[in-house]
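K.L.:
Before we start, here is the structure in question, set down as structure tokens.
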Amino acid sequence: MSRRPHSGCAALVALVALAAAAPACLAAWETRVTDGIMGTRITVEVWAEDPLLADAANEAVLAEMRHIDTTMSTYKPDSEISRVNAHAAAGPMPISTELFDLLVTAKEYSRLTEGAFDITYASVGYLYDFRRRVRPDEAHIRAALPAVNYEHVLLDPRHHTVRFTQPGVRIDLGGIAKGYAVDRGIEALQKAGITHGYVSAGGDSRVIGDRFGKPWVVGIRDPQKGEGEVIARVPLVDAAISTSGDYERFFDEGGVRYHHIIDPRTGHSASQVRSATVIAATAVRTDGLSKTAFVLGPEKAMAIYNRIDDVDAIIVRLDGTVVYSKRMQPAMPSAAQPSVPAPPAPAVPAAPAAPAAPGVPAAPAPK
Ligand code: ADP
Ligand code: MG
């Protein structure tokens, strides 16, 4: 955890000290980075007048994340989701409102993405272990594939039950639970009165407000290069962003990359793009949509993204070229336009310190 007083605050302290009045100036950014919850890195950054409030707010975010991990991790044999996987093929199983609602949401994203997002991918996905370089052979994939279909998950809103239509169905929320956790984290911050903050879990992030009159700036990794190399920096105010990449959990074998996003139609790694970034109002939305491009390819996925009003997207194709959703296109395409669209301005300025967007709320005045 680090605490960095804003420089304006320090200046104010100096002035006040000169006047020999010396009231405490504690307003600061508080950043907390935690590994190990949901198998990923959690980052929380908040602005707070009172460090105790910042600590409590940060802790509330982590408590949400731990709770979601306990309920929704398929790695924990006694989590609610593991119990669903063990019993829901035998008959309707009552589940918590929270899990029920997220399963409803997951099915909505399956419909929206023409089946590309499908939590029953796990019916075949469980046969892979990317850390141990394990992958199923064709016979095992063929045997497991009929169980992959989100329509096999029956949700009864009257009794709050889930049932699988057949044996062999497994669900995994790894493609949406981090986005959900980020949204819950943001709600926890809002409840604590935080108006400027950032929460991220793995590839899913969301911000509230701005960062002292400037947008928050989130970098999109260049999938061809190492960590830290970015293809674009996206300025965000009150928005969420998710990036899916084939470089997250993978192994290469015989010139083929086996990675963690699975095509529900084939049971193989979905490899139609190198990365897909989605920007929208909530992290459930961006997480629920970012896998689509891997399964459907850049054109079909972009058509879906462009159909949804509040969604922007940046896709890196297999050849490294980049495509942007329609609202991120350069305002005035000219004859000098290169064939590979350059990062559009002003939506995606290259510099990390992006100028404040018009209408961005004023930064909190340091005390
Ligand atoms: P991160 O876990 O870093 O947020 P993604 O958002 O790209 O990464 O999600 C990848 C995860 O989504 C996989 O590890 C797996 O749990 C899950 N997943 C894989 N394929 C699909 C799919 N077709 N539909 C829904 N979820 C999927
Ligand atoms: Mg994600």
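Following the order of the structure tokens, first chain is A, next is B, and so on, with residues numbered from 1 inside each chain and ligands from 1 in the order they appear.
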Given a cut-off of 7 Å, what residues near ligand 2 show up using only C-alpha atoms and all ligand atoms, put as an NGL selection string?
P.N.:
:A and (175-176 or 178-179 or 202-204 or 242-244 or 287)
K.L.:
Next, the residues of the selection above should be written as a compact mmCIF listing (two decimals), in the first residue's frame with N, CA and C atoms.
P.N.:
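So result00.txt came out as:
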```
# COMPACT_ATOMS: atom_id res chain seq x y z
N GLY A 175 -15.07 -15.90 -17.18
CA GLY A 175 -15.18 -14.88 -18.23
C GLY A 175 -16.05 -13.70 -17.85
N ILE A 176 -16.63 -13.71 -16.64
CA ILE A 176 -17.49 -12.57 -16.27
C ILE A 176 -17.40 -12.21 -14.78
N LYS A 178 -14.84 -11.56 -12.87
CA LYS A 178 -13.93 -10.47 -12.50
C LYS A 178 -14.57 -9.13 -12.82
N GLY A 179 -15.24 -9.07 -13.96
CA GLY A 179 -15.98 -7.84 -14.29
C GLY A 179 -17.03 -7.55 -13.24
N GLY A 202 -7.35 -8.32 -12.77
CA GLY A 202 -6.84 -8.90 -14.02
C GLY A 202 -7.08 -7.94 -15.17
N GLY A 203 -7.75 -8.41 -16.21
CA GLY A 203 -7.96 -7.58 -17.40
C GLY A 203 -9.18 -6.69 -17.34
N ASP A 204 -9.82 -6.58 -16.19
CA ASP A 204 -11.07 -5.83 -16.08
C ASP A 204 -10.90 -4.66 -15.11
N SER A 242 -12.30 -3.71 -20.46
CA SER A 242 -11.77 -5.07 -20.32
C SER A 242 -10.96 -5.42 -21.54
N THR A 243 -9.83 -6.05 -21.31
CA THR A 243 -9.04 -6.57 -22.44
C THR A 243 -8.88 -8.07 -22.27
N SER A 244 -9.18 -8.80 -23.34
CA SER A 244 -8.89 -10.23 -23.38
C SER A 244 -7.72 -10.43 -24.34
N ASP A 287 -16.55 -7.20 -19.73
CA ASP A 287 -16.02 -8.57 -19.59
C ASP A 287 -16.87 -9.54 -20.42
```
K.L.:
Find the residues near Pro92 (chain A): any atom within 7 Å, counting only C-alpha atoms, skip ones fewer than 5 places away on the same chain, and give them as a list in words.
P.N.:
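Returned residues: Thr161, Val162 and Arg163 of chain A.
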K.L.:
Quick one: write out the picked residues with N, CA and C atoms as a short mmCIF file (atom, residue, chain, number, x, y, z; two decimals), in the first residue's frame?
P.N.:
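Dumped to part_8.cif:
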```cif
data_model
loop_
_atom_site.label_atom_id
_atom_site.label_comp_id
_atom_site.auth_asym_id
_atom_site.auth_seq_id
_atom_site.Cartn_x
_atom_site.Cartn_y
_atom_site.Cartn_z
N THR A 161 -33.91 -21.44 -8.87
CA THR A 161 -33.14 -22.68 -9.01
C THR A 161 -32.41 -22.70 -10.36
N VAL A 162 -31.37 -23.52 -10.40
CA VAL A 162 -30.67 -23.78 -11.66
C VAL A 162 -30.69 -25.29 -11.90
N ARG A 163 -30.86 -25.66 -13.15
CA ARG A 163 -30.82 -27.09 -13.50
C ARG A 163 -30.11 -27.22 -14.83
#
```
K.L.:
Would you mind listing what lies within 8 Å of region 94-101 of chain A as a ChimeraX atom specification, with only C-alpha atoms counted and same-chain residues fewer than 5 positions away left out?
P.N.:
/A:72,80,155,159-162
K.L.:
Name all residues at most 12 Å from Val182 (chain A) (count only C-alpha atoms; drop same-chain ones fewer than 5 positions away) and give them as a PyMOL selection string.
P.N.:
chain A and resi 38+41-44+60-66+68+176-177+187-189+197-208+239-242+281-287
K.L.:
Could you pull out the strand (DSSP E or B) residues of region 188-258 of chain A, going by DSSP on the backbone, and write them as number ranges by chain?
P.N.:
A: 197-201, 204-208, 211, 214, 216-221, 230-236, 240-245, 250-253, 256-258
K.L.:
Pull N, CA and C atoms from the residues just selected and write them as a short mmCIF file (atom, residue, chain, number, x, y, z; two decimals), in the first residue's frame.
P.N.:
```cif
data_model
loop_
_atom_site.label_atom_id
_atom_site.label_comp_id
_atom_site.auth_asym_id
_atom_site.auth_seq_id
_atom_site.Cartn_x
_atom_site.Cartn_y
_atom_site.Cartn_z
N GLY A 197 -12.05 7.13 -8.07
CA GLY A 197 -11.40 5.87 -7.73
C GLY A 197 -11.28 4.94 -8.92
N TYR A 198 -10.45 3.91 -8.72
CA TYR A 198 -10.13 2.94 -9.79
C TYR A 198 -10.08 1.55 -9.17
N VAL A 199 -10.74 0.60 -9.80
CA VAL A 199 -10.66 -0.79 -9.33
C VAL A 199 -10.35 -1.67 -10.53
N SER A 200 -9.37 -2.56 -10.38
CA SER A 200 -9.14 -3.51 -11.47
C SER A 200 -8.88 -4.90 -10.92
N ALA A 201 -9.31 -5.90 -11.68
CA ALA A 201 -9.05 -7.30 -11.36
C ALA A 201 -8.62 -7.95 -12.66
N ASP A 204 -9.82 -6.58 -16.19
CA ASP A 204 -11.07 -5.83 -16.08
C ASP A 204 -10.90 -4.66 -15.11
N SER A 205 -11.26 -3.45 -15.57
CA SER A 205 -11.09 -2.26 -14.73
C SER A 205 -12.29 -1.34 -14.88
N ARG A 206 -12.49 -0.51 -13.83
CA ARG A 206 -13.54 0.51 -13.92
C ARG A 206 -13.12 1.70 -13.06
N VAL A 207 -13.50 2.88 -13.49
CA VAL A 207 -13.14 4.08 -12.74
C VAL A 207 -14.40 4.86 -12.37
N ILE A 208 -14.31 5.56 -11.22
CA ILE A 208 -15.37 6.53 -10.91
C ILE A 208 -14.72 7.91 -10.97
N ARG A 211 -9.35 11.91 -12.57
CA ARG A 211 -8.17 11.93 -11.70
C ARG A 211 -7.59 13.35 -11.73
N LYS A 214 -8.22 15.31 -15.00
CA LYS A 214 -7.80 14.58 -16.19
C LYS A 214 -8.42 13.19 -16.14
N TRP A 216 -8.67 9.20 -16.14
CA TRP A 216 -7.79 8.07 -15.84
C TRP A 216 -7.29 7.56 -17.19
N VAL A 217 -6.09 7.04 -17.23
CA VAL A 217 -5.58 6.54 -18.51
C VAL A 217 -5.18 5.07 -18.35
N VAL A 218 -5.81 4.23 -19.13
CA VAL A 218 -5.53 2.79 -19.04
C VAL A 218 -4.83 2.35 -20.33
N GLY A 219 -3.69 1.71 -20.20
CA GLY A 219 -2.94 1.26 -21.37
C GLY A 219 -3.45 -0.09 -21.87
N ILE A 220 -3.46 -0.27 -23.17
CA ILE A 220 -3.80 -1.57 -23.76
C ILE A 220 -2.50 -2.21 -24.23
N ARG A 221 -2.21 -3.37 -23.69
CA ARG A 221 -0.94 -4.03 -24.00
C ARG A 221 -0.84 -4.37 -25.48
N VAL A 230 2.60 -0.84 -24.87
CA VAL A 230 1.17 -0.63 -25.15
C VAL A 230 0.94 -0.21 -26.60
N ILE A 231 -0.25 -0.57 -27.11
CA ILE A 231 -0.61 -0.11 -28.45
C ILE A 231 -1.45 1.15 -28.39
N ALA A 232 -2.09 1.39 -27.26
CA ALA A 232 -2.91 2.59 -27.13
C ALA A 232 -3.13 2.87 -25.66
N ARG A 233 -3.37 4.13 -25.36
CA ARG A 233 -3.74 4.51 -24.00
C ARG A 233 -5.12 5.12 -24.07
N VAL A 234 -6.02 4.61 -23.25
CA VAL A 234 -7.41 5.02 -23.35
C VAL A 234 -7.77 5.89 -22.14
N PRO A 235 -8.17 7.13 -22.39
CA PRO A 235 -8.60 7.98 -21.28
C PRO A 235 -10.03 7.64 -20.87
N LEU A 236 -10.28 7.52 -19.59
CA LEU A 236 -11.60 7.10 -19.12
C LEU A 236 -12.09 7.98 -17.97
N ALA A 240 -15.85 1.62 -17.77
CA ALA A 240 -15.18 0.34 -17.53
C ALA A 240 -14.46 -0.09 -18.80
N ILE A 241 -13.41 -0.92 -18.62
CA ILE A 241 -12.65 -1.40 -19.77
C ILE A 241 -12.16 -2.82 -19.48
N SER A 242 -12.30 -3.71 -20.46
CA SER A 242 -11.77 -5.07 -20.32
C SER A 242 -10.96 -5.42 -21.54
N THR A 243 -9.83 -6.05 -21.31
CA THR A 243 -9.04 -6.57 -22.44
C THR A 243 -8.88 -8.07 -22.27
N SER A 244 -9.18 -8.80 -23.34
CA SER A 244 -8.89 -10.23 -23.38
C SER A 244 -7.72 -10.43 -24.34
N GLY A 245 -6.79 -11.31 -23.96
CA GLY A 245 -5.63 -11.54 -24.83
C GLY A 245 -5.25 -13.01 -24.85
N PHE A 250 -1.54 -19.47 -21.44
CA PHE A 250 -1.35 -20.20 -22.70
C PHE A 250 -0.11 -21.07 -22.66
N PHE A 251 -0.02 -21.97 -23.64
CA PHE A 251 1.26 -22.60 -23.97
C PHE A 251 1.31 -22.79 -25.47
N ASP A 252 2.50 -22.79 -26.02
CA ASP A 252 2.67 -23.00 -27.46
C ASP A 252 3.18 -24.42 -27.69
N GLU A 253 2.63 -25.08 -28.69
CA GLU A 253 3.06 -26.45 -29.00
C GLU A 253 2.90 -26.67 -30.50
N VAL A 256 1.31 -24.02 -32.53
CA VAL A 256 -0.07 -23.64 -32.21
C VAL A 256 -0.10 -23.05 -30.80
N ARG A 257 -0.85 -21.97 -30.65
CA ARG A 257 -1.03 -21.40 -29.31
C ARG A 257 -2.31 -21.95 -28.69
N TYR A 258 -2.17 -22.63 -27.57
CA TYR A 258 -3.33 -23.11 -26.82
C TYR A 258 -3.54 -22.12 -25.67
#
```
K.L.:
Please return, as a ChimeraX atom specification, all residues of region 16-120 of chain A that DSSP assigns to alpha helix (DSSP H) on the basis of the backbone.
P.N.:
/A:16-18,51-72,80-87,97-112
K.L.:
Could you name the residues that touch Glu108 (chain A) at 12 Å or less, counting only C-alpha atoms, but leaving out those on the same chain fewer than 2 positions away, as a short mmCIF file (atom, residue, chain, number, x, y, z; two decimals) with N, CA and C atoms, in the first residue's frame?
P.N.:
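Below is the file out01.cif, written as the result:
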```cif
data_model
loop_
_atom_site.label_atom_id
_atom_site.label_comp_id
_atom_site.auth_asym_id
_atom_site.auth_seq_id
_atom_site.Cartn_x
_atom_site.Cartn_y
_atom_site.Cartn_z
N ASP A 101 -28.70 -14.21 -10.32
CA ASP A 101 -28.71 -13.00 -11.17
C ASP A 101 -27.53 -12.98 -12.14
N LEU A 102 -26.37 -13.43 -11.67
CA LEU A 102 -25.20 -13.42 -12.57
C LEU A 102 -25.36 -14.48 -13.67
N LEU A 103 -25.99 -15.59 -13.35
CA LEU A 103 -26.25 -16.60 -14.40
C LEU A 103 -27.24 -16.06 -15.44
N VAL A 104 -28.24 -15.31 -14.96
CA VAL A 104 -29.18 -14.68 -15.90
C VAL A 104 -28.40 -13.72 -16.81
N THR A 105 -27.55 -12.91 -16.20
CA THR A 105 -26.75 -11.95 -16.98
C THR A 105 -25.86 -12.69 -17.99
N ALA A 106 -25.24 -13.77 -17.55
CA ALA A 106 -24.34 -14.53 -18.43
C ALA A 106 -25.11 -15.03 -19.66
N SER A 110 -24.64 -14.37 -23.72
CA SER A 110 -24.57 -15.44 -24.72
C SER A 110 -25.46 -15.08 -25.92
N ARG A 111 -26.66 -14.59 -25.61
CA ARG A 111 -27.57 -14.24 -26.71
C ARG A 111 -27.02 -13.05 -27.51
N LEU A 112 -26.52 -12.06 -26.78
CA LEU A 112 -26.01 -10.85 -27.41
C LEU A 112 -24.82 -11.15 -28.34
N THR A 113 -24.04 -12.17 -27.98
CA THR A 113 -22.81 -12.45 -28.74
C THR A 113 -22.98 -13.67 -29.66
N GLU A 114 -24.20 -14.02 -29.93
CA GLU A 114 -24.50 -15.16 -30.81
C GLU A 114 -23.81 -16.43 -30.33
N GLY A 115 -23.75 -16.59 -29.01
CA GLY A 115 -23.21 -17.83 -28.43
C GLY A 115 -21.70 -17.83 -28.25
N ALA A 116 -21.01 -16.75 -28.62
CA ALA A 116 -19.55 -16.73 -28.45
C ALA A 116 -19.19 -16.73 -26.96
N PHE A 117 -19.93 -15.95 -26.18
CA PHE A 117 -19.74 -15.98 -24.73
C PHE A 117 -20.66 -17.07 -24.19
N ASP A 118 -20.10 -18.07 -23.56
CA ASP A 118 -20.92 -19.19 -23.09
C ASP A 118 -20.23 -19.84 -21.90
N ILE A 119 -20.87 -19.71 -20.73
CA ILE A 119 -20.22 -20.22 -19.50
C ILE A 119 -20.16 -21.75 -19.49
N TYR A 150 -25.30 -22.82 -23.79
CA TYR A 150 -25.90 -22.08 -22.67
C TYR A 150 -27.38 -22.40 -22.48
N GLU A 151 -28.01 -22.94 -23.52
CA GLU A 151 -29.42 -23.32 -23.38
C GLU A 151 -29.59 -24.53 -22.46
N ILE A 176 -16.63 -13.71 -16.64
CA ILE A 176 -17.49 -12.57 -16.27
C ILE A 176 -17.40 -12.21 -14.78
N VAL A 284 -19.09 -5.69 -15.96
CA VAL A 284 -19.77 -6.92 -16.37
C VAL A 284 -19.98 -6.88 -17.89
N ARG A 285 -20.37 -5.73 -18.37
CA ARG A 285 -20.63 -5.57 -19.80
C ARG A 285 -19.34 -5.75 -20.61
N GLY A 288 -18.19 -9.35 -20.35
CA GLY A 288 -19.09 -10.25 -21.10
C GLY A 288 -18.93 -10.15 -22.60
N LEU A 289 -18.32 -9.05 -23.08
CA LEU A 289 -18.19 -8.85 -24.52
C LEU A 289 -16.77 -9.07 -25.07
#
```
K.L.:
If we count only C-alpha atoms and set the cut-off at 12 Å, which residues sit around Ser325 (chain A), ignoring sequence neighbours fewer than 5 positions away in its own chain? Please answer as a PyMOL selection string.
P.N.:
chain A and resi 276-279+298-316+330+341+343-344+347
K.L.:
Please save N, CA and C atoms of the selected residues as a PDB file, in the first residue's frame.
P.N.:
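This is the output file out.pdb:
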```
ATOM      1  N   ALA A 276      -8.688  -8.216 -27.659  1.00  0.00           N
ATOM      2  CA  ALA A 276      -9.900  -7.409 -27.848  1.00  0.00           C
ATOM      3  C   ALA A 276     -10.146  -6.615 -26.581  1.00  0.00           C
ATOM      4  N   THR A 277     -10.368  -5.324 -26.774  1.00  0.00           N
ATOM      5  CA  THR A 277     -10.637  -4.424 -25.647  1.00  0.00           C
ATOM      6  C   THR A 277     -12.021  -3.834 -25.835  1.00  0.00           C
ATOM      7  N   VAL A 278     -12.815  -3.858 -24.784  1.00  0.00           N
ATOM      8  CA  VAL A 278     -14.156  -3.300 -24.857  1.00  0.00           C
ATOM      9  C   VAL A 278     -14.288  -2.242 -23.763  1.00  0.00           C
ATOM     10  N   ILE A 279     -14.920  -1.124 -24.124  1.00  0.00           N
ATOM     11  CA  ILE A 279     -15.136  -0.015 -23.187  1.00  0.00           C
ATOM     12  C   ILE A 279     -16.643   0.225 -23.101  1.00  0.00           C
ATOM     13  N   PRO A 298     -12.756 -10.549 -36.035  1.00  0.00           N
ATOM     14  CA  PRO A 298     -12.848  -9.095 -35.850  1.00  0.00           C
ATOM     15  C   PRO A 298     -14.070  -8.451 -36.516  1.00  0.00           C
ATOM     16  N   GLU A 299     -14.428  -8.912 -37.718  1.00  0.00           N
ATOM     17  CA  GLU A 299     -15.520  -8.229 -38.437  1.00  0.00           C
ATOM     18  C   GLU A 299     -16.861  -8.469 -37.756  1.00  0.00           C
ATOM     19  N   LYS A 300     -17.173  -9.736 -37.505  1.00  0.00           N
ATOM     20  CA  LYS A 300     -18.462 -10.078 -36.893  1.00  0.00           C
ATOM     21  C   LYS A 300     -18.571  -9.465 -35.500  1.00  0.00           C
ATOM     22  N   ALA A 301     -17.469  -9.559 -34.752  1.00  0.00           N
ATOM     23  CA  ALA A 301     -17.497  -9.027 -33.384  1.00  0.00           C
ATOM     24  C   ALA A 301     -17.702  -7.513 -33.421  1.00  0.00           C
ATOM     25  N   MET A 302     -16.987  -6.848 -34.350  1.00  0.00           N
ATOM     26  CA  MET A 302     -17.109  -5.391 -34.413  1.00  0.00           C
ATOM     27  C   MET A 302     -18.529  -4.998 -34.806  1.00  0.00           C
ATOM     28  N   ALA A 303     -19.161  -5.800 -35.660  1.00  0.00           N
ATOM     29  CA  ALA A 303     -20.551  -5.507 -36.039  1.00  0.00           C
ATOM     30  C   ALA A 303     -21.446  -5.579 -34.793  1.00  0.00           C
ATOM     31  N   ILE A 304     -21.192  -6.559 -33.939  1.00  0.00           N
ATOM     32  CA  ILE A 304     -21.986  -6.667 -32.696  1.00  0.00           C
ATOM     33  C   ILE A 304     -21.688  -5.474 -31.782  1.00  0.00           C
ATOM     34  N   TYR A 305     -20.397  -5.168 -31.602  1.00  0.00           N
ATOM     35  CA  TYR A 305     -20.035  -4.043 -30.724  1.00  0.00           C
ATOM     36  C   TYR A 305     -20.660  -2.742 -31.253  1.00  0.00           C
ATOM     37  N   ASN A 306     -20.614  -2.557 -32.554  1.00  0.00           N
ATOM     38  CA  ASN A 306     -21.137  -1.308 -33.136  1.00  0.00           C
ATOM     39  C   ASN A 306     -22.655  -1.202 -33.020  1.00  0.00           C
ATOM     40  N   ARG A 307     -23.313  -2.368 -32.902  1.00  0.00           N
ATOM     41  CA  ARG A 307     -24.774  -2.348 -32.749  1.00  0.00           C
ATOM     42  C   ARG A 307     -25.188  -1.889 -31.359  1.00  0.00           C
ATOM     43  N   ILE A 308     -24.308  -2.057 -30.374  1.00  0.00           N
ATOM     44  CA  ILE A 308     -24.672  -1.721 -28.995  1.00  0.00           C
ATOM     45  C   ILE A 308     -24.252  -0.270 -28.728  1.00  0.00           C
ATOM     46  N   ASP A 309     -25.231   0.521 -28.284  1.00  0.00           N
ATOM     47  CA  ASP A 309     -25.018   1.970 -28.186  1.00  0.00           C
ATOM     48  C   ASP A 309     -23.818   2.399 -27.353  1.00  0.00           C
ATOM     49  N   ASP A 310     -23.691   1.824 -26.151  1.00  0.00           N
ATOM     50  CA  ASP A 310     -22.712   2.394 -25.217  1.00  0.00           C
ATOM     51  C   ASP A 310     -21.368   1.677 -25.258  1.00  0.00           C
ATOM     52  N   VAL A 311     -21.096   0.937 -26.342  1.00  0.00           N
ATOM     53  CA  VAL A 311     -19.879   0.120 -26.369  1.00  0.00           C
ATOM     54  C   VAL A 311     -18.866   0.638 -27.398  1.00  0.00           C
ATOM     55  N   ASP A 312     -17.609   0.717 -26.964  1.00  0.00           N
ATOM     56  CA  ASP A 312     -16.503   0.976 -27.885  1.00  0.00           C
ATOM     57  C   ASP A 312     -15.554  -0.202 -27.847  1.00  0.00           C
ATOM     58  N   ALA A 313     -14.777  -0.393 -28.896  1.00  0.00           N
ATOM     59  CA  ALA A 313     -13.885  -1.561 -28.919  1.00  0.00           C
ATOM     60  C   ALA A 313     -12.635  -1.299 -29.742  1.00  0.00           C
ATOM     61  N   ILE A 314     -11.572  -1.969 -29.333  1.00  0.00           N
ATOM     62  CA  ILE A 314     -10.298  -1.919 -30.064  1.00  0.00           C
ATOM     63  C   ILE A 314      -9.830  -3.367 -30.201  1.00  0.00           C
ATOM     64  N   ILE A 315      -9.690  -3.824 -31.432  1.00  0.00           N
ATOM     65  CA  ILE A 315      -9.324  -5.225 -31.669  1.00  0.00           C
ATOM     66  C   ILE A 315      -7.972  -5.276 -32.370  1.00  0.00           C
ATOM     67  N   VAL A 316      -7.074  -6.132 -31.887  1.00  0.00           N
ATOM     68  CA  VAL A 316      -5.809  -6.369 -32.585  1.00  0.00           C
ATOM     69  C   VAL A 316      -5.960  -7.675 -33.369  1.00  0.00           C
ATOM     70  N   PRO A 330     -11.287   7.937 -36.615  1.00  0.00           N
ATOM     71  CA  PRO A 330     -10.865   9.333 -36.754  1.00  0.00           C
ATOM     72  C   PRO A 330     -12.022  10.168 -37.306  1.00  0.00           C
ATOM     73  N   PRO A 341      -5.516   1.783 -39.539  1.00  0.00           N
ATOM     74  CA  PRO A 341      -5.949   3.004 -38.871  1.00  0.00           C
ATOM     75  C   PRO A 341      -5.041   3.326 -37.684  1.00  0.00           C
ATOM     76  N   PRO A 343      -4.106   5.191 -34.096  1.00  0.00           N
ATOM     77  CA  PRO A 343      -4.934   5.454 -32.926  1.00  0.00           C
ATOM     78  C   PRO A 343      -5.704   6.757 -33.118  1.00  0.00           C
ATOM     79  N   PRO A 344      -7.013   6.698 -33.037  1.00  0.00           N
ATOM     80  CA  PRO A 344      -7.799   7.884 -33.343  1.00  0.00           C
ATOM     81  C   PRO A 344      -7.648   8.957 -32.277  1.00  0.00           C
ATOM     82  N   ALA A 347     -10.113  10.600 -29.147  1.00  0.00           N
ATOM     83  CA  ALA A 347     -10.607   9.577 -28.217  1.00  0.00           C
ATOM     84  C   ALA A 347      -9.471   8.816 -27.546  1.00  0.00           C
TER      85      ALA A 347
END
```
